[in-house]
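> Following this message is one structure expressed as structure tokens.
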Amino acid sequence: MEKAIFIAILAIIIFNWLLETLLSYLNLRNSRKPIPEELKDIYTAEKRSKQFQYQLTNIRFGMLVRGFSLLLSFFMICFGFSWLNNNLLSVTINPLWHTLLFFVIYMTFSQLFDLPWSAYKVFHIEEKFGFNTTTLLTFIKDNVISFLLSLILQSVVISVIVFCWQWQPDWLWLIAWAVISIIMIFLNLFYPKLIVPLFNKQTPLPDGELRDAIENFARKVDFKVENIYVMDSSKRSTKANAYFTGWGSRKRIVLYDTLIKQLSTDEIVAVLSHEIGHEKHHHTLKGLCSGLLRMLLLFVMLGIILRYDIFAVAIGCVPTFVAKFIVFMMLYEPVGMLLSIVGNIISRRHEREADAFAKANGMGKSIVSSLKKMSVNSLSNPLPHPLTVFLTYSHPTLAERIRHLQ
Ligand SMILES: [Zn+2]
């Protein structure tokens with residue numbers, strides 16, 4: 001049985017690697033097809049060739065990173081996890097401290113592994129194609145803050161799970177799920193006030209033409225907007241975006257300053273009309289609920305795996321809590337992938353509904369031109385392979401969105 005579990009873990013990792021490699025290959029092959037009629041005006045021959053170079057560079061880089069990660073995963077499964085788990089037992093046998101120590105060491109190690117790759121991506125690839133505006137200082141600060149933040153959050157989550165496991169192992173799935181759901185909802189509520197300021201400055205949008213236009217549109221569709229903010233995202237990248245966060249009275253619209261620079265007033269209002277469409281259809285709430293439901297399934301599976309020592313033994317570990325937890329994370333991968341495919345199907349439907357809302361409110365034309373501008377400015381792939389779209393895209397392709405909007 002141990003052998004079967006060990007082989008299943010390796011098979012999952014190899015399958016993921018093969019699938020990602022296959023998708024890269026299919027996307028590259030698809031890029032040779034003629035550009036869809038709807039996009040001919042923006043993807044000129046020159047833009048098209050630049051976009052292809054960008055895509056090719058990213059695919060090559062992705063293959064290299066994935067190759068190294070695959071080797072590292074093999075190493076960790078065959079030697080690393082068991083070495084760390086078994087040796088830490090001589091430091092402490094308290095399950096909570098053992099687990100936390102394990103995660104702190106493992107996360108630090110992963111962060112150090114990722115750092116050179118992400119530095120290369122930002123300062124070489126993004127720089128070469130004119131997207132990067134990050135300074136070295138911002139890069140270091142971002143990495144330190146996000147590392148500490150995820151260390152704290154994950155330690156809290158892990159402690160809750162260990163505590164529930166020791167207290168009521170049979171009800172772990174329900175109790176841990178309920179506690180962590182509350183933490184997630186809290187984070188969701190206070191995200192703009194607590195987390196975003198660690199990385200970006202948000203300033204209220206000043207009075208003027210843009211603010212009037214947004215407020216006029218909001219009034220027309222009977223939508224309350226009180227907080228419209230501009231975020232200084234230009235300190236990292238030239239890529240543009242806009243989003244909604246928070247709930248109820250904490251709801252706020254956040255516009256990237258790059259969006260304001262790149263789009264006309266009409267186009268910005270069109271982007272927001274799409275976001276208001278999401279709110280009108282309660283997509284954020286639906287998304288949160290489906291996230292919580294998915295997490296329930298995760299905890300049910302965790303509760304089962306934690307009961308059997310054999311899962312830890314399969315990777316050569318003394319059966320501790322953390323060893324079983326690590327094996328759970330690897331075995332959960334295919335389940336998580338299936339759930340994310342379903343999630344993407346739902347998300348693409350939501351995107352179409354939000355676009356339909358914008359169109360019904362007279363924003364069809366402006367949203368098409370804003371999508372075209374944003375897409376060509378960020379050199380996004382105009383011809384992704386249908387399998388990639390089905391498996392990984394949270395939005396319909398640009399060509400499909402334009403067809404629906406016109
Ligand atoms: Zn959307």
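By convention here, the chains of the structure tokens are called A, B, ... in the order presented, each chain's residues are numbered starting at 1, and ligands are numbered starting at 1 in the order presented.
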Using only C-alpha atoms and all ligand atoms, what are the residues with an atom within 8 Å of ligand 1, set out as a list in words?
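Counting only C-alpha atoms and all ligand atoms, the residues within 8 Å of ligand 1 come out as His274, Glu275, His278, His350, Glu351, Ala354, Asp355 and His395 of chain A.
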> DSSP says helix (DSSP H, G or I) for which residues of stretch 270-341 of chain A? Put them as a count of residues only?
60
> List every residue of stretch 157-185 of chain A that has an atom at most 10 Å from any atom of stretch 284-296 of chain A, giving for each one its closest atom pair and the distance in Å to one decimal, counting only C-alpha atoms, sorted by chain and then by ascending residue number, as CSV.

```
residue,atom,partner,partner_atom,distance
A:Trp173,CA,A:Leu296,CA,7.0
A:Leu174,CA,A:Leu296,CA,7.5
A:Ala176,CA,A:Leu296,CA,9.2
A:Trp177,CA,A:Leu296,CA,6.0
A:Ala178,CA,A:Leu296,CA,8.8
A:Ile180,CA,A:Met295,CA,9.2
A:Ser181,CA,A:Leu292,CA,6.5
A:Ile182,CA,A:Leu292,CA,9.9
A:Met184,CA,A:Leu292,CA,8.8
A:Ile185,CA,A:Leu288,CA,8.2
```
> So that I have them on file, write out the residues from the current selection with all heavy atoms, as a PDB file, in the first residue's frame.

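Result went into out_24.pdb, see below:
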```pdb
ATOM      1  N   TRP A 173     -12.893  18.261  10.106  1.00  0.00           N
ATOM      2  CA  TRP A 173     -13.344  18.824   8.834  1.00  0.00           C
ATOM      3  C   TRP A 173     -14.319  19.972   9.034  1.00  0.00           C
ATOM      4  O   TRP A 173     -14.241  20.990   8.362  1.00  0.00           O
ATOM      5  CB  TRP A 173     -13.953  17.724   7.956  1.00  0.00           C
ATOM      6  CG  TRP A 173     -15.153  17.046   8.557  1.00  0.00           C
ATOM      7  CD1 TRP A 173     -15.138  16.035   9.477  1.00  0.00           C
ATOM      8  CD2 TRP A 173     -16.527  17.343   8.307  1.00  0.00           C
ATOM      9  NE1 TRP A 173     -16.410  15.679   9.814  1.00  0.00           N
ATOM     10  CE2 TRP A 173     -17.296  16.458   9.109  1.00  0.00           C
ATOM     11  CE3 TRP A 173     -17.186  18.261   7.482  1.00  0.00           C
ATOM     12  CZ2 TRP A 173     -18.681  16.479   9.111  1.00  0.00           C
ATOM     13  CZ3 TRP A 173     -18.574  18.278   7.487  1.00  0.00           C
ATOM     14  CH2 TRP A 173     -19.309  17.396   8.285  1.00  0.00           C
ATOM     15  N   LEU A 174     -15.226  19.823  10.029  1.00  0.00           N
ATOM     16  CA  LEU A 174     -16.252  20.838  10.211  1.00  0.00           C
ATOM     17  C   LEU A 174     -15.734  22.028  11.036  1.00  0.00           C
ATOM     18  O   LEU A 174     -15.917  23.187  10.648  1.00  0.00           O
ATOM     19  CB  LEU A 174     -17.475  20.216  10.900  1.00  0.00           C
ATOM     20  CG  LEU A 174     -18.702  21.113  10.938  1.00  0.00           C
ATOM     21  CD1 LEU A 174     -19.182  21.444   9.529  1.00  0.00           C
ATOM     22  CD2 LEU A 174     -19.830  20.450  11.717  1.00  0.00           C
ATOM     23  N   ALA A 176     -12.502  22.985  11.837  1.00  0.00           N
ATOM     24  CA  ALA A 176     -11.413  23.735  11.197  1.00  0.00           C
ATOM     25  C   ALA A 176     -11.956  24.521  10.008  1.00  0.00           C
ATOM     26  O   ALA A 176     -11.592  25.675   9.780  1.00  0.00           O
ATOM     27  CB  ALA A 176     -10.312  22.784  10.747  1.00  0.00           C
ATOM     28  N   TRP A 177     -12.882  23.898   9.269  1.00  0.00           N
ATOM     29  CA  TRP A 177     -13.472  24.586   8.117  1.00  0.00           C
ATOM     30  C   TRP A 177     -14.201  25.854   8.561  1.00  0.00           C
ATOM     31  O   TRP A 177     -14.029  26.918   7.960  1.00  0.00           O
ATOM     32  CB  TRP A 177     -14.436  23.649   7.382  1.00  0.00           C
ATOM     33  CG  TRP A 177     -15.181  24.327   6.286  1.00  0.00           C
ATOM     34  CD1 TRP A 177     -14.692  24.678   5.061  1.00  0.00           C
ATOM     35  CD2 TRP A 177     -16.539  24.770   6.315  1.00  0.00           C
ATOM     36  NE1 TRP A 177     -15.659  25.303   4.323  1.00  0.00           N
ATOM     37  CE2 TRP A 177     -16.802  25.382   5.073  1.00  0.00           C
ATOM     38  CE3 TRP A 177     -17.556  24.710   7.271  1.00  0.00           C
ATOM     39  CZ2 TRP A 177     -18.047  25.919   4.757  1.00  0.00           C
ATOM     40  CZ3 TRP A 177     -18.796  25.257   6.955  1.00  0.00           C
ATOM     41  CH2 TRP A 177     -19.036  25.852   5.714  1.00  0.00           C
ATOM     42  N   ALA A 178     -14.989  25.729   9.656  1.00  0.00           N
ATOM     43  CA  ALA A 178     -15.761  26.884  10.125  1.00  0.00           C
ATOM     44  C   ALA A 178     -14.819  28.003  10.582  1.00  0.00           C
ATOM     45  O   ALA A 178     -15.000  29.167  10.195  1.00  0.00           O
ATOM     46  CB  ALA A 178     -16.686  26.464  11.268  1.00  0.00           C
ATOM     47  N   ILE A 180     -11.640  28.568   9.805  1.00  0.00           N
ATOM     48  CA  ILE A 180     -10.858  29.163   8.712  1.00  0.00           C
ATOM     49  C   ILE A 180     -11.752  29.949   7.756  1.00  0.00           C
ATOM     50  O   ILE A 180     -11.335  30.967   7.202  1.00  0.00           O
ATOM     51  CB  ILE A 180      -9.997  28.088   8.030  1.00  0.00           C
ATOM     52  CG1 ILE A 180      -8.910  27.718   9.044  1.00  0.00           C
ATOM     53  CG2 ILE A 180      -9.368  28.580   6.739  1.00  0.00           C
ATOM     54  CD1 ILE A 180      -8.134  26.509   8.737  1.00  0.00           C
ATOM     55  N   SER A 181     -13.025  29.517   7.609  1.00  0.00           N
ATOM     56  CA  SER A 181     -13.964  30.307   6.799  1.00  0.00           C
ATOM     57  C   SER A 181     -14.141  31.695   7.399  1.00  0.00           C
ATOM     58  O   SER A 181     -14.163  32.698   6.679  1.00  0.00           O
ATOM     59  CB  SER A 181     -15.334  29.628   6.743  1.00  0.00           C
ATOM     60  OG  SER A 181     -15.227  28.410   6.070  1.00  0.00           O
ATOM     61  N   ILE A 182     -14.249  31.746   8.729  1.00  0.00           N
ATOM     62  CA  ILE A 182     -14.436  33.052   9.385  1.00  0.00           C
ATOM     63  C   ILE A 182     -13.194  33.926   9.148  1.00  0.00           C
ATOM     64  O   ILE A 182     -13.310  35.103   8.813  1.00  0.00           O
ATOM     65  CB  ILE A 182     -14.706  32.864  10.903  1.00  0.00           C
ATOM     66  CG1 ILE A 182     -16.079  32.203  11.086  1.00  0.00           C
ATOM     67  CG2 ILE A 182     -14.662  34.206  11.638  1.00  0.00           C
ATOM     68  CD1 ILE A 182     -16.347  31.721  12.496  1.00  0.00           C
ATOM     69  N   MET A 184     -11.192  33.747   6.623  1.00  0.00           N
ATOM     70  CA  MET A 184     -11.194  34.153   5.215  1.00  0.00           C
ATOM     71  C   MET A 184     -12.166  35.299   4.951  1.00  0.00           C
ATOM     72  O   MET A 184     -11.866  36.228   4.201  1.00  0.00           O
ATOM     73  CB  MET A 184     -11.545  32.973   4.320  1.00  0.00           C
ATOM     74  CG  MET A 184     -10.312  32.236   3.841  1.00  0.00           C
ATOM     75  SD  MET A 184     -10.754  30.829   2.815  1.00  0.00           S
ATOM     76  CE  MET A 184     -11.462  31.631   1.383  1.00  0.00           C
ATOM     77  N   ILE A 185     -13.360  35.204   5.555  1.00  0.00           N
ATOM     78  CA  ILE A 185     -14.357  36.261   5.359  1.00  0.00           C
ATOM     79  C   ILE A 185     -13.840  37.574   5.959  1.00  0.00           C
ATOM     80  O   ILE A 185     -13.949  38.640   5.350  1.00  0.00           O
ATOM     81  CB  ILE A 185     -15.713  35.859   5.982  1.00  0.00           C
ATOM     82  CG1 ILE A 185     -16.290  34.679   5.193  1.00  0.00           C
ATOM     83  CG2 ILE A 185     -16.694  37.028   5.975  1.00  0.00           C
ATOM     84  CD1 ILE A 185     -17.494  34.013   5.822  1.00  0.00           C
TER      85      ILE A 185
END
```
> Let me make sure I understand: among A:Val313, A:Leu100, A:Val322, A:Met374, which one has the smallest atom-to-atom distance to A:Thr258 if we use only C-alpha atoms?
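For A:Thr258, the nearest of the candidates is A:Met374.
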> Which residue gives the smallest distance to A:Ala360 among A:Arg348, A:Lys40, A:Arg211, A:His404, with only C-alpha atoms counted?
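With only C-alpha atoms as the atom set, the closest residue is A:His404.
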> Applying 12 Å and only C-alpha atoms, which residues near stretch 134-147 of chain A remain after dropping the ones on its own chain fewer than 5 positions away? List them as a VMD selection string.
chain A and resid 104 107 to 112 114 to 116 118 to 124 126 to 127 152 to 155 195 to 200 232 to 238
> Please indicate the distance in Å from atom CA of A:Tyr43 to atom CA of A:Leu272, rounded to one decimal place.
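Atom CA of A:Leu272 lies at a distance of 24.6 Å from atom CA of A:Tyr43.
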